[in-house]
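This is upload_21.cif (mmCIF, C-alpha atoms).
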```cif
data_upload
#
loop_
_atom_site.label_atom_id
_atom_site.label_comp_id
_atom_site.auth_asym_id
_atom_site.auth_seq_id
_atom_site.Cartn_x
_atom_site.Cartn_y
_atom_site.Cartn_z
CA MET A 1 -178.40 86.49 45.16
CA ASP A 2 -178.55 89.36 47.63
CA LEU A 3 -181.37 91.77 46.92
CA GLN A 4 -180.66 93.73 50.09
CA ARG A 5 -177.29 94.91 48.74
CA THR A 6 -178.44 95.49 45.16
CA SER A 7 -178.42 99.15 44.15
CA ALA A 8 -181.50 100.82 42.69
CA ARG A 9 -179.97 101.08 39.23
CA ASP A 10 -179.15 97.34 39.25
CA LEU A 11 -182.64 96.08 40.12
CA ASP A 12 -183.60 95.43 36.49
CA LYS A 13 -180.43 93.38 36.02
CA PHE A 14 -181.16 91.49 39.25
CA ILE A 15 -184.59 90.56 37.90
CA GLU A 16 -183.18 89.52 34.54
CA ASP A 17 -180.31 87.49 36.00
CA HIS A 18 -182.14 85.79 38.85
CA LEU A 19 -185.94 86.02 38.63
CA LEU A 20 -187.04 85.70 35.00
CA PRO A 21 -187.52 82.04 34.01
CA ASP A 22 -185.06 80.98 31.32
CA THR A 23 -186.35 79.29 28.16
CA ARG A 24 -185.06 75.82 29.05
CA PHE A 25 -186.63 75.86 32.49
CA ARG A 26 -189.91 77.21 31.12
CA ASP A 27 -190.02 74.51 28.44
CA ARG A 28 -189.51 71.74 31.00
CA VAL A 29 -192.27 73.08 33.25
CA ASN A 30 -194.61 73.40 30.26
CA GLU A 31 -193.79 69.81 29.33
CA ALA A 32 -194.83 68.68 32.81
CA ILE A 33 -198.03 70.74 32.62
CA HIS A 34 -198.87 69.21 29.22
CA THR A 35 -198.37 65.72 30.67
CA ILE A 36 -200.82 66.32 33.51
CA CYS A 37 -203.37 68.13 31.31
CA SER A 38 -203.38 65.21 28.88
CA PHE A 39 -203.81 62.79 31.76
CA LEU A 40 -206.77 64.74 33.14
CA LYS A 41 -208.51 65.04 29.77
CA GLU A 42 -207.84 61.59 28.32
CA ARG A 43 -207.66 59.12 31.16
CA CYS A 44 -208.68 60.38 34.53
CA PHE A 45 -212.46 59.99 34.44
CA LEU A 46 -212.93 57.02 32.12
CA ARG A 47 -215.27 54.81 34.14
CA GLY A 48 -216.81 51.45 33.51
CA GLY A 49 -220.25 52.36 34.82
CA GLY A 50 -222.34 55.29 35.91
CA PRO A 51 -222.90 58.56 34.05
CA PRO A 52 -219.93 59.79 31.99
CA VAL A 53 -217.79 62.57 33.41
CA ARG A 54 -216.37 65.04 30.92
CA VAL A 55 -213.50 67.42 31.49
CA LEU A 56 -214.88 70.60 29.94
CA LYS A 57 -211.54 72.42 30.13
CA VAL A 58 -208.33 72.55 32.13
CA VAL A 59 -207.14 76.07 32.95
CA LYS A 60 -203.59 76.88 34.02
CA GLY A 61 -203.78 79.30 36.92
CA GLY A 62 -201.33 80.61 39.48
CA SER A 63 -198.06 82.25 38.50
CA SER A 64 -197.56 80.02 35.46
CA GLY A 65 -200.92 81.03 34.01
CA LYS A 66 -200.50 84.74 34.77
CA GLY A 67 -196.99 85.01 33.38
CA THR A 68 -195.41 86.01 36.70
CA ALA A 69 -193.54 82.82 37.63
CA LEU A 70 -190.18 83.07 39.36
CA ARG A 71 -187.17 81.18 38.07
CA GLY A 72 -186.72 77.93 39.94
CA ARG A 73 -190.21 78.01 41.46
CA SER A 74 -191.68 75.09 39.53
CA ASP A 75 -195.29 75.03 40.67
CA ALA A 76 -198.53 75.05 38.72
CA ASP A 77 -202.22 75.35 39.55
CA LEU A 78 -204.53 73.42 37.24
CA VAL A 79 -208.26 74.05 37.57
CA VAL A 80 -210.30 71.17 36.14
CA PHE A 81 -213.82 72.16 35.09
CA LEU A 82 -216.07 69.10 35.21
CA SER A 83 -219.45 68.40 33.60
CA SER A 84 -220.61 66.77 36.85
CA PHE A 85 -220.76 70.12 38.63
CA GLY A 86 -223.91 71.99 37.68
CA SER A 87 -223.81 74.49 40.53
CA PHE A 88 -221.59 75.93 43.25
CA GLN A 89 -223.32 73.62 45.73
CA GLU A 90 -222.46 70.52 43.68
CA GLN A 91 -218.82 71.60 43.53
CA PHE A 92 -218.79 72.01 47.30
CA ASP A 93 -220.53 68.67 47.91
CA ARG A 94 -218.70 66.47 45.42
CA ARG A 95 -215.19 67.84 44.89
CA GLU A 96 -213.63 65.43 47.41
CA GLU A 97 -215.03 62.52 45.39
CA PHE A 98 -213.22 63.72 42.27
CA ILE A 99 -210.02 64.61 44.11
CA GLN A 100 -209.85 61.03 45.37
CA GLU A 101 -210.50 59.71 41.85
CA ILE A 102 -207.65 61.81 40.46
CA ARG A 103 -205.40 60.45 43.17
CA ARG A 104 -206.33 56.85 42.35
CA GLN A 105 -205.63 57.36 38.67
CA LEU A 106 -202.30 59.08 39.37
CA GLU A 107 -201.23 56.15 41.52
CA ALA A 108 -202.25 53.74 38.76
CA CYS A 109 -200.20 55.69 36.21
CA ARG A 110 -197.23 55.65 38.54
CA ASN A 111 -197.48 51.90 38.95
CA GLU A 112 -197.87 51.37 35.20
CA ARG A 113 -195.02 53.80 34.41
CA MET A 114 -197.08 55.21 31.57
CA PHE A 115 -195.33 58.56 31.28
CA GLY A 116 -191.72 57.71 32.03
CA VAL A 117 -191.95 59.90 35.11
CA GLN A 118 -192.45 59.28 38.78
CA PHE A 119 -195.40 60.58 40.73
CA GLU A 120 -194.74 61.38 44.35
CA ILE A 121 -198.16 61.56 45.94
CA GLN A 122 -197.75 63.77 48.97
CA ASN A 123 -199.64 63.64 52.24
CA LYS A 124 -201.21 66.97 51.32
CA THR A 125 -203.91 65.08 49.37
CA ALA A 126 -206.53 65.78 52.02
CA VAL A 127 -205.26 69.24 52.76
CA LEU A 128 -206.87 72.59 52.13
CA GLN A 129 -204.42 75.24 51.03
CA SER A 130 -205.86 78.18 52.91
CA HIS A 131 -207.02 80.78 50.37
CA ARG A 132 -205.84 83.58 52.56
CA TRP A 133 -202.73 82.51 54.42
CA GLY A 134 -201.09 79.60 52.62
CA ASN A 135 -201.33 77.46 55.77
CA SER A 136 -202.13 73.76 55.51
CA ARG A 137 -204.66 71.96 57.67
CA VAL A 138 -206.34 68.59 57.29
CA ILE A 139 -210.05 68.82 56.51
CA ARG A 140 -212.79 66.53 55.30
CA ASN A 141 -213.65 68.51 52.19
CA PRO A 142 -210.35 69.42 50.47
CA ARG A 143 -210.25 71.97 47.66
CA SER A 144 -207.16 70.61 45.92
CA LEU A 145 -204.90 67.65 45.31
CA SER A 146 -201.19 68.41 45.68
CA PHE A 147 -198.45 66.21 44.20
CA THR A 148 -195.03 66.35 42.56
CA LEU A 149 -194.23 65.18 39.07
CA SER A 150 -190.56 64.25 38.74
CA SER A 151 -188.33 62.79 36.03
CA SER A 152 -185.72 60.08 36.21
CA SER A 153 -183.36 62.35 34.25
CA PRO A 154 -181.74 65.04 36.45
CA TRP A 155 -180.67 66.99 33.37
CA SER A 156 -184.07 67.67 31.84
CA TRP A 157 -186.34 68.72 34.70
CA PRO A 158 -186.08 70.93 37.77
CA GLN A 159 -184.26 68.97 40.47
CA THR A 160 -187.21 69.16 42.86
CA GLY A 161 -189.74 68.20 40.19
CA VAL A 162 -192.81 70.24 39.33
CA GLU A 163 -195.36 70.76 42.11
CA PHE A 164 -199.02 70.70 41.11
CA ASP A 165 -202.26 71.72 42.79
CA VAL A 166 -205.23 70.30 40.90
CA LEU A 167 -208.59 71.87 41.77
CA PRO A 168 -211.96 70.56 40.49
CA ALA A 169 -214.40 73.38 39.72
CA PHE A 170 -217.85 74.30 38.42
CA ASP A 171 -217.78 75.86 34.93
CA VAL A 172 -219.98 78.84 35.78
CA LEU A 173 -218.40 81.14 33.17
CA GLY A 174 -218.59 78.90 30.11
CA GLN A 175 -216.52 80.04 27.14
CA VAL A 176 -214.36 83.00 28.16
CA THR A 177 -213.37 85.27 25.28
CA LYS A 178 -210.82 88.09 25.26
CA ASP A 179 -213.18 90.86 26.41
CA TYR A 180 -215.50 88.63 28.41
CA ILE A 181 -217.67 90.25 31.10
CA PRO A 182 -219.76 87.84 33.24
CA ASN A 183 -223.52 88.05 33.39
CA PRO A 184 -224.33 89.86 36.67
CA GLN A 185 -226.59 86.95 37.67
CA ILE A 186 -223.45 84.81 38.04
CA TYR A 187 -222.25 87.10 40.83
CA VAL A 188 -225.70 87.31 42.39
CA THR A 189 -225.76 83.51 42.67
CA LEU A 190 -222.17 83.46 43.93
CA ILE A 191 -222.92 86.01 46.66
CA GLN A 192 -226.05 84.15 47.76
CA GLU A 193 -224.23 80.80 47.93
CA CYS A 194 -221.24 82.18 49.83
CA GLU A 195 -223.47 83.95 52.34
CA ARG A 196 -225.61 80.85 52.79
CA LEU A 197 -222.56 78.65 53.41
CA GLY A 198 -220.75 81.32 55.42
CA ARG A 199 -217.69 80.79 53.20
CA GLU A 200 -216.72 83.92 51.29
CA GLY A 201 -214.10 83.26 48.64
CA GLU A 202 -214.96 79.55 48.64
CA PHE A 203 -215.48 79.39 44.86
CA SER A 204 -212.67 81.64 43.63
CA THR A 205 -211.32 78.77 41.49
CA CYS A 206 -214.38 79.12 39.24
CA PHE A 207 -213.08 82.55 38.21
CA THR A 208 -209.48 81.50 37.48
CA GLU A 209 -209.70 82.60 33.84
CA LEU A 210 -210.65 86.14 34.86
CA GLN A 211 -207.94 86.28 37.54
CA ARG A 212 -205.43 85.17 34.92
CA ALA A 213 -206.64 87.67 32.31
CA PHE A 214 -206.48 90.50 34.86
CA LEU A 215 -202.70 90.08 35.13
CA LYS A 216 -201.61 88.34 31.95
CA GLN A 217 -202.07 91.29 29.57
CA ARG A 218 -200.13 93.74 31.76
CA PRO A 219 -196.87 95.30 30.51
CA PRO A 220 -193.80 93.06 30.83
CA LYS A 221 -192.07 95.47 33.21
CA LEU A 222 -195.04 95.44 35.59
CA LYS A 223 -194.89 91.65 35.63
CA SER A 224 -191.18 91.92 36.40
CA LEU A 225 -192.00 94.22 39.32
CA ILE A 226 -194.53 91.65 40.52
CA ARG A 227 -191.78 89.02 40.40
CA LEU A 228 -189.52 91.28 42.47
CA VAL A 229 -192.24 91.82 45.08
CA LYS A 230 -192.92 88.06 45.17
CA TYR A 231 -189.23 87.39 45.68
CA TRP A 232 -189.21 89.88 48.56
CA TYR A 233 -192.30 88.14 49.98
CA GLN A 234 -190.55 84.76 49.81
CA GLU A 235 -187.55 86.24 51.60
CA CYS A 236 -189.89 87.48 54.35
CA LYS A 237 -191.63 84.12 54.51
CA GLN A 238 -188.34 82.30 54.92
CA LYS A 239 -187.31 84.63 57.73
CA LEU A 240 -190.65 85.12 59.50
CA GLY A 241 -192.60 81.94 58.79
CA GLN A 242 -196.39 82.03 59.06
CA PRO A 243 -198.80 83.69 59.29
CA LEU A 244 -198.32 86.16 56.44
CA PRO A 245 -200.77 87.78 54.06
CA PHE A 246 -201.61 85.71 51.02
CA GLN A 247 -199.04 86.26 48.25
CA TYR A 248 -201.84 87.08 45.79
CA ALA A 249 -202.60 90.15 47.94
CA LEU A 250 -199.07 91.45 47.26
CA GLU A 251 -199.51 90.84 43.53
CA LEU A 252 -202.74 92.84 43.51
CA LEU A 253 -201.14 95.54 45.65
CA THR A 254 -198.38 95.87 43.04
CA VAL A 255 -200.95 96.28 40.23
CA TYR A 256 -202.78 98.90 42.32
CA ALA A 257 -199.54 100.83 42.96
CA TRP A 258 -198.74 100.87 39.24
CA GLU A 259 -202.27 101.87 38.19
CA ARG A 260 -202.40 104.74 40.68
CA GLY A 261 -198.79 105.85 40.46
CA SER A 262 -197.49 105.23 36.96
CA LYS A 263 -199.55 103.43 34.29
CA GLU A 264 -196.48 103.65 32.04
CA ALA A 265 -195.10 100.59 30.27
CA ASP A 266 -191.60 101.75 31.24
CA PHE A 267 -190.82 103.07 34.70
CA VAL A 268 -188.12 103.14 37.36
CA THR A 269 -188.28 99.74 39.03
CA ALA A 270 -186.91 101.01 42.35
CA GLN A 271 -189.69 103.62 42.57
CA GLY A 272 -192.34 100.98 41.96
CA PHE A 273 -190.77 98.63 44.50
CA GLN A 274 -190.54 101.39 47.10
CA THR A 275 -194.19 102.34 46.51
CA VAL A 276 -195.35 98.78 47.13
CA LEU A 277 -193.34 98.47 50.37
CA GLU A 278 -194.70 101.82 51.58
CA LEU A 279 -198.22 100.49 50.97
CA VAL A 280 -197.34 97.38 52.99
CA VAL A 281 -196.21 99.65 55.83
CA ASP A 282 -199.53 101.54 55.61
CA TYR A 283 -201.60 98.34 55.36
CA ARG A 284 -204.16 99.61 57.90
CA LYS A 285 -205.31 102.18 55.32
CA LEU A 286 -205.75 99.84 52.36
CA CYS A 287 -209.15 99.61 50.70
CA ILE A 288 -208.62 98.31 47.17
CA TYR A 289 -211.09 96.95 44.64
CA TRP A 290 -211.74 96.85 40.91
CA THR A 291 -215.02 96.84 38.98
CA LYS A 292 -213.77 95.46 35.65
CA TYR A 293 -215.90 92.33 35.97
CA TYR A 294 -218.68 93.23 38.39
CA ASP A 295 -221.00 96.25 38.54
CA ILE A 296 -221.01 98.31 41.72
CA ASN A 297 -224.35 99.87 40.67
CA HIS A 298 -226.18 96.54 40.47
CA SER A 299 -229.09 96.20 42.91
CA VAL A 300 -227.59 93.11 44.60
CA ILE A 301 -223.88 93.32 43.80
CA GLY A 302 -223.56 97.01 44.74
CA PRO A 303 -224.86 96.75 48.33
CA TYR A 304 -222.78 93.61 48.87
CA LEU A 305 -219.63 95.39 47.65
CA ARG A 306 -220.30 98.29 49.98
CA ARG A 307 -220.59 95.86 52.90
CA GLN A 308 -217.27 94.33 51.87
CA LEU A 309 -215.60 97.73 51.68
CA GLN A 310 -216.82 98.62 55.18
CA LYS A 311 -214.92 95.72 56.73
CA PRO A 312 -211.82 96.38 58.86
CA ARG A 313 -208.74 97.37 56.87
CA PRO A 314 -206.91 96.11 54.97
CA VAL A 315 -209.44 95.27 52.27
CA ILE A 316 -208.16 93.96 48.92
CA LEU A 317 -210.97 92.41 46.92
CA ASP A 318 -210.26 89.77 44.31
CA PRO A 319 -210.92 91.55 40.98
CA ALA A 320 -212.70 88.45 39.65
CA ASP A 321 -214.53 87.38 42.83
CA PRO A 322 -216.09 90.08 45.04
CA THR A 323 -216.64 87.59 47.88
CA GLY A 324 -212.87 87.15 48.30
CA ASN A 325 -211.18 89.71 50.55
CA ILE A 326 -207.61 88.63 49.82
CA GLY A 327 -206.13 91.24 52.12
CA ALA A 328 -208.06 90.45 55.31
CA ASP A 329 -205.84 90.65 58.40
CA ASN A 330 -206.98 87.31 59.77
CA PRO A 331 -205.43 85.96 61.93
CA PRO A 332 -204.66 89.37 63.44
CA ARG A 333 -201.24 90.94 62.97
CA GLY A 334 -200.54 88.87 59.87
CA TRP A 335 -199.63 92.08 58.04
CA GLU A 336 -197.64 93.63 60.87
CA ARG A 337 -194.69 91.27 60.46
CA PRO A 338 -194.02 91.98 56.76
CA ALA A 339 -194.77 95.66 57.46
CA GLY A 340 -191.89 95.64 59.94
CA GLN A 341 -189.66 94.06 57.32
CA ALA A 342 -190.75 96.66 54.77
CA ARG A 343 -189.77 99.50 57.14
CA ALA A 344 -186.29 98.04 57.46
CA TRP A 345 -185.94 97.38 53.73
CA LEU A 346 -186.77 100.98 52.83
CA THR A 347 -183.34 101.96 54.22
CA TYR A 348 -181.46 99.51 51.98
CA PRO A 349 -179.32 100.34 48.88
CA CYS A 350 -182.03 99.19 46.45
CA PHE A 351 -183.91 102.41 47.23
CA LYS A 352 -180.96 104.79 46.85
CA LYS A 353 -179.43 106.41 43.80
CA TRP A 354 -175.72 106.15 43.01
CA ASP A 355 -175.05 109.28 45.08
CA GLY A 356 -176.93 107.96 48.11
CA SER A 357 -180.03 110.10 47.64
CA PRO A 358 -183.43 108.37 47.81
CA VAL A 359 -185.09 107.25 44.57
CA GLY A 360 -188.50 108.28 45.91
CA SER A 361 -191.85 106.63 45.30
CA TRP A 362 -194.95 107.23 43.22
CA SER A 363 -197.50 109.65 44.66
CA ILE A 364 -200.57 107.68 45.73
CA GLN A 365 -203.51 108.76 47.85
CA ILE A 366 -204.90 105.92 50.00
#
```
Represent the structure from my file as structure tokens, please.
Amino acid sequence: MDLQRTSARDLDKFIEDHLLPDTRFRDRVNEAIHTICSFLKERCFLRGGGPPVRVLKVVKGGSSGKGTALRGRSDADLVVFLSSFGSFQEQFDRREEFIQEIRRQLEACRNERMFGVQFEIQNKTAVLQSHRWGNSRVIRNPRSLSFTLSSSSPWSWPQTGVEFDVLPAFDVLGQVTKDYIPNPQIYVTLIQECERLGREGEFSTCFTELQRAFLKQRPPKLKSLIRLVKYWYQECKQKLGQPLPFQYALELLTVYAWERGSKEADFVTAQGFQTVLELVVDYRKLCIYWTKYYDINHSVIGPYLRRQLQKPRPVILDPADPTGNIGADNPPRGWERPAGQARAWLTYPCFKKWDGSPVGSWSIQI
């Protein structure tokens, strides 16, 4: 697999041959996800005393939920919405309690060999996966439990197992239908809580269903372009290490490039890829947001959004959570390193036609 030497006309084949999950792999990952979802719903919070805890729903987030997973990258985010959380504050105060309970029950299942699989509880149990940078640091109030579910059969599952992040959350949205738009008061409360705590983006997990819907219904070729950009990001990460912008920022940047430059279900992949890398190079100009779910004319939400958009560039607001600036350059120069890589990549064969002339990019005003 050498993307650097792949010609522009072969990019679609590169994606098909190397990045799209095959059916067998996808089935095995889905099997693992089903196992953990059943565990969370049926066993995890059965207690002998105290008030009952109900799992209201388990939502598959991350790449698996959005339909943009890369082949061989067997990871899944599962957001567990619990009846015990009646507010953002209760989620913040009590999530560690439930993360530890999930860990205890996982260890019990491992010891009892209930599922015919082996749980490898990692030391990342008390680790916060930084929403912005993907760094790990030990904290007292973790947001997620990370572990690996593996099988004793090397032929049926990914060799490295399936990595899970399980995140307890407050069910602020309730039942989310196809064309669901949140009540503005939900965002008013969210903004007030985040400002009070001084933790913008703290409750993004509560809006996982909207984040998933924002990407899931996009054309297949756009999702393939997102996979290509994610693969490029992983290549940069392997070469440069941390800090880098959050991968979700690159996914949103790809959607923005397509919305502003193409909006066609079929397009030239090389042009889309080049457009995204040019935006990475020009990261200091980025100010990107969507108003699909929140109203910029609202008396509380509007002024808050304007304050967000006045922050130092780059600004890329989470389309489902206006308190989350996914693109923030913090720590400083986090974008400069992939921008340098993007400048170099723009000279590679994947951006040239068969005769050596440039494929060009979409015209976008930023």
- request: Could you jot down the atom CA of Tyr187 of chain A to atom CA of Pro219 of chain A separation for me, Å, one decimal place?
  value: 28.6 Å
- prompt: Of the candidates A:Thr68, A:Gln341, A:Asn111, A:Ser7, which shows the shortest atom-to-atom distance to Lys230 of chain A, using only C-alpha atoms?
  reply: A:Thr68
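On the file presented, the PyMOL selection byres ((chain A and resi 277) around 8) picks out Phe273, Gln274, Thr275, Val276, Glu278, Leu279, Val280, Val281, Ala339, Ala342, Arg343 and Leu346 of chain A.
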query: Got a sec to check which residues sit within 12 Å of (-198.3, 103.4, 38.9), counting all atoms listed in the file, and write them as a PyMOL selection string?
result: chain A and resi 219+221-222+225+253-269+271-276+361-365
task: For Arg73 of chain A, work out the shell of residues within 12 Å, counting all atoms listed in the file and skipping chain neighbours fewer than 5 positions away, then give it as a ChimeraX atom specification.
output: /A:18-22,25-26,29,62-64,68,158-164,227,230-231,234
Can you spit out the residues from that selection as a short mmCIF file (atom, residue, chain, number, x, y, z; two decimals), in the coordinates of the input, using C-alpha atoms?
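What ended up in selection.cif:
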```cif
data_model
loop_
_atom_site.label_atom_id
_atom_site.label_comp_id
_atom_site.auth_asym_id
_atom_site.auth_seq_id
_atom_site.Cartn_x
_atom_site.Cartn_y
_atom_site.Cartn_z
CA HIS A 18 -182.14 85.79 38.85
CA LEU A 19 -185.94 86.02 38.63
CA LEU A 20 -187.04 85.70 35.00
CA PRO A 21 -187.52 82.04 34.01
CA ASP A 22 -185.06 80.98 31.32
CA PHE A 25 -186.63 75.86 32.49
CA ARG A 26 -189.91 77.21 31.12
CA VAL A 29 -192.27 73.08 33.25
CA GLY A 62 -201.33 80.61 39.48
CA SER A 63 -198.06 82.25 38.50
CA SER A 64 -197.56 80.02 35.46
CA THR A 68 -195.41 86.01 36.70
CA PRO A 158 -186.08 70.93 37.77
CA GLN A 159 -184.26 68.97 40.47
CA THR A 160 -187.21 69.16 42.86
CA GLY A 161 -189.74 68.20 40.19
CA VAL A 162 -192.81 70.24 39.33
CA GLU A 163 -195.36 70.76 42.11
CA PHE A 164 -199.02 70.70 41.11
CA ARG A 227 -191.78 89.02 40.40
CA LYS A 230 -192.92 88.06 45.17
CA TYR A 231 -189.23 87.39 45.68
CA GLN A 234 -190.55 84.76 49.81
#
```
message: From the options A:Gly302, A:Ala270, A:Ser83, A:Glu195, which residue's atoms come nearest to Cys350 of chain A, counting only C-alpha atoms?
response: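 Of A:Gly302, A:Ala270, A:Ser83, A:Glu195, the one nearest Cys350 of chain A is A:Ala270, counting only C-alpha atoms.
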message: Ranking A:Thr23, A:Ser299, A:Gln105, A:Ser150 by minimum distance to Phe39 of chain A and counting all atoms listed in the file, which one comes first?
response: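 Ranked by minimum distance to Phe39 of chain A, first place goes to A:Gln105.
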Atoms added to segment 325-348 of chain A (N, CA and C atoms), reported as an mmCIF file, in the frame of the given file:
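Below is the file that was written, part.cif:
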```
data_model
loop_
_atom_site.group_PDB
_atom_site.id
_atom_site.type_symbol
_atom_site.label_atom_id
_atom_site.label_comp_id
_atom_site.auth_asym_id
_atom_site.auth_seq_id
_atom_site.Cartn_x
_atom_site.Cartn_y
_atom_site.Cartn_z
ATOM 1 N N ASN A 325 -212.021 88.625 50.032
ATOM 2 C CA ASN A 325 -211.180 89.710 50.550
ATOM 3 C C ASN A 325 -209.786 89.138 50.777
ATOM 4 N N ILE A 326 -208.937 89.257 49.781
ATOM 5 C CA ILE A 326 -207.610 88.630 49.820
ATOM 6 C C ILE A 326 -206.720 89.274 50.879
ATOM 7 N N GLY A 327 -207.012 90.516 51.211
ATOM 8 C CA GLY A 327 -206.130 91.240 52.120
ATOM 9 C C GLY A 327 -206.513 91.180 53.583
ATOM 10 N N ALA A 328 -207.572 90.448 53.931
ATOM 11 C CA ALA A 328 -208.060 90.450 55.310
ATOM 12 C C ALA A 328 -206.959 90.098 56.306
ATOM 13 N N ASP A 329 -206.859 90.865 57.367
ATOM 14 C CA ASP A 329 -205.840 90.650 58.400
ATOM 15 C C ASP A 329 -206.368 89.614 59.400
ATOM 16 N N ASN A 330 -206.393 88.379 58.962
ATOM 17 C CA ASN A 330 -206.980 87.310 59.770
ATOM 18 C C ASN A 330 -206.176 86.033 59.544
ATOM 19 N N PRO A 331 -205.433 85.524 60.541
ATOM 20 C CA PRO A 331 -205.430 85.960 61.930
ATOM 21 C C PRO A 331 -204.805 87.353 62.109
ATOM 22 N N PRO A 332 -205.146 88.005 63.213
ATOM 23 C CA PRO A 332 -204.660 89.370 63.440
ATOM 24 C C PRO A 332 -203.139 89.457 63.428
ATOM 25 N N ARG A 333 -202.659 90.609 63.001
ATOM 26 C CA ARG A 333 -201.240 90.940 62.970
ATOM 27 C C ARG A 333 -200.478 90.160 61.895
ATOM 28 N N GLY A 334 -201.215 89.543 60.971
ATOM 29 C CA GLY A 334 -200.540 88.870 59.870
ATOM 30 C C GLY A 334 -199.789 89.830 58.971
ATOM 31 N N TRP A 335 -200.292 91.069 58.858
ATOM 32 C CA TRP A 335 -199.630 92.080 58.040
ATOM 33 C C TRP A 335 -198.514 92.799 58.796
ATOM 34 N N GLU A 336 -198.594 92.837 60.101
ATOM 35 C CA GLU A 336 -197.640 93.630 60.870
ATOM 36 C C GLU A 336 -196.209 93.119 60.700
ATOM 37 N N ARG A 337 -196.046 91.826 60.570
ATOM 38 C CA ARG A 337 -194.690 91.270 60.460
ATOM 39 C C ARG A 337 -194.013 91.647 59.144
ATOM 40 N N PRO A 338 -194.663 91.461 57.982
ATOM 41 C CA PRO A 338 -194.020 91.980 56.760
ATOM 42 C C PRO A 338 -193.936 93.493 56.719
ATOM 43 N N ALA A 339 -194.865 94.194 57.395
ATOM 44 C CA ALA A 339 -194.770 95.660 57.460
ATOM 45 C C ALA A 339 -193.492 96.069 58.179
ATOM 46 N N GLY A 340 -193.141 95.359 59.242
ATOM 47 C CA GLY A 340 -191.890 95.640 59.940
ATOM 48 C C GLY A 340 -190.685 95.397 59.055
ATOM 49 N N GLN A 341 -190.739 94.321 58.269
ATOM 50 C CA GLN A 341 -189.660 94.060 57.320
ATOM 51 C C GLN A 341 -189.569 95.160 56.273
ATOM 52 N N ALA A 342 -190.732 95.611 55.789
ATOM 53 C CA ALA A 342 -190.750 96.660 54.770
ATOM 54 C C ALA A 342 -190.103 97.944 55.295
ATOM 55 N N ARG A 343 -190.379 98.295 56.559
ATOM 56 C CA ARG A 343 -189.770 99.500 57.140
ATOM 57 C C ARG A 343 -188.254 99.407 57.118
ATOM 58 N N ALA A 344 -187.744 98.228 57.462
ATOM 59 C CA ALA A 344 -186.290 98.040 57.460
ATOM 60 C C ALA A 344 -185.731 98.089 56.042
ATOM 61 N N TRP A 345 -186.430 97.445 55.111
ATOM 62 C CA TRP A 345 -185.940 97.380 53.730
ATOM 63 C C TRP A 345 -185.861 98.758 53.087
ATOM 64 N N LEU A 346 -186.745 99.663 53.462
ATOM 65 C CA LEU A 346 -186.770 100.980 52.830
ATOM 66 C C LEU A 346 -185.495 101.789 53.075
ATOM 67 N N THR A 347 -184.634 101.302 53.970
ATOM 68 C CA THR A 347 -183.340 101.960 54.220
ATOM 69 C C THR A 347 -182.212 101.314 53.426
ATOM 70 N N TYR A 348 -182.500 100.284 52.651
ATOM 71 C CA TYR A 348 -181.460 99.510 51.980
ATOM 72 C C TYR A 348 -181.016 100.174 50.663
#
```
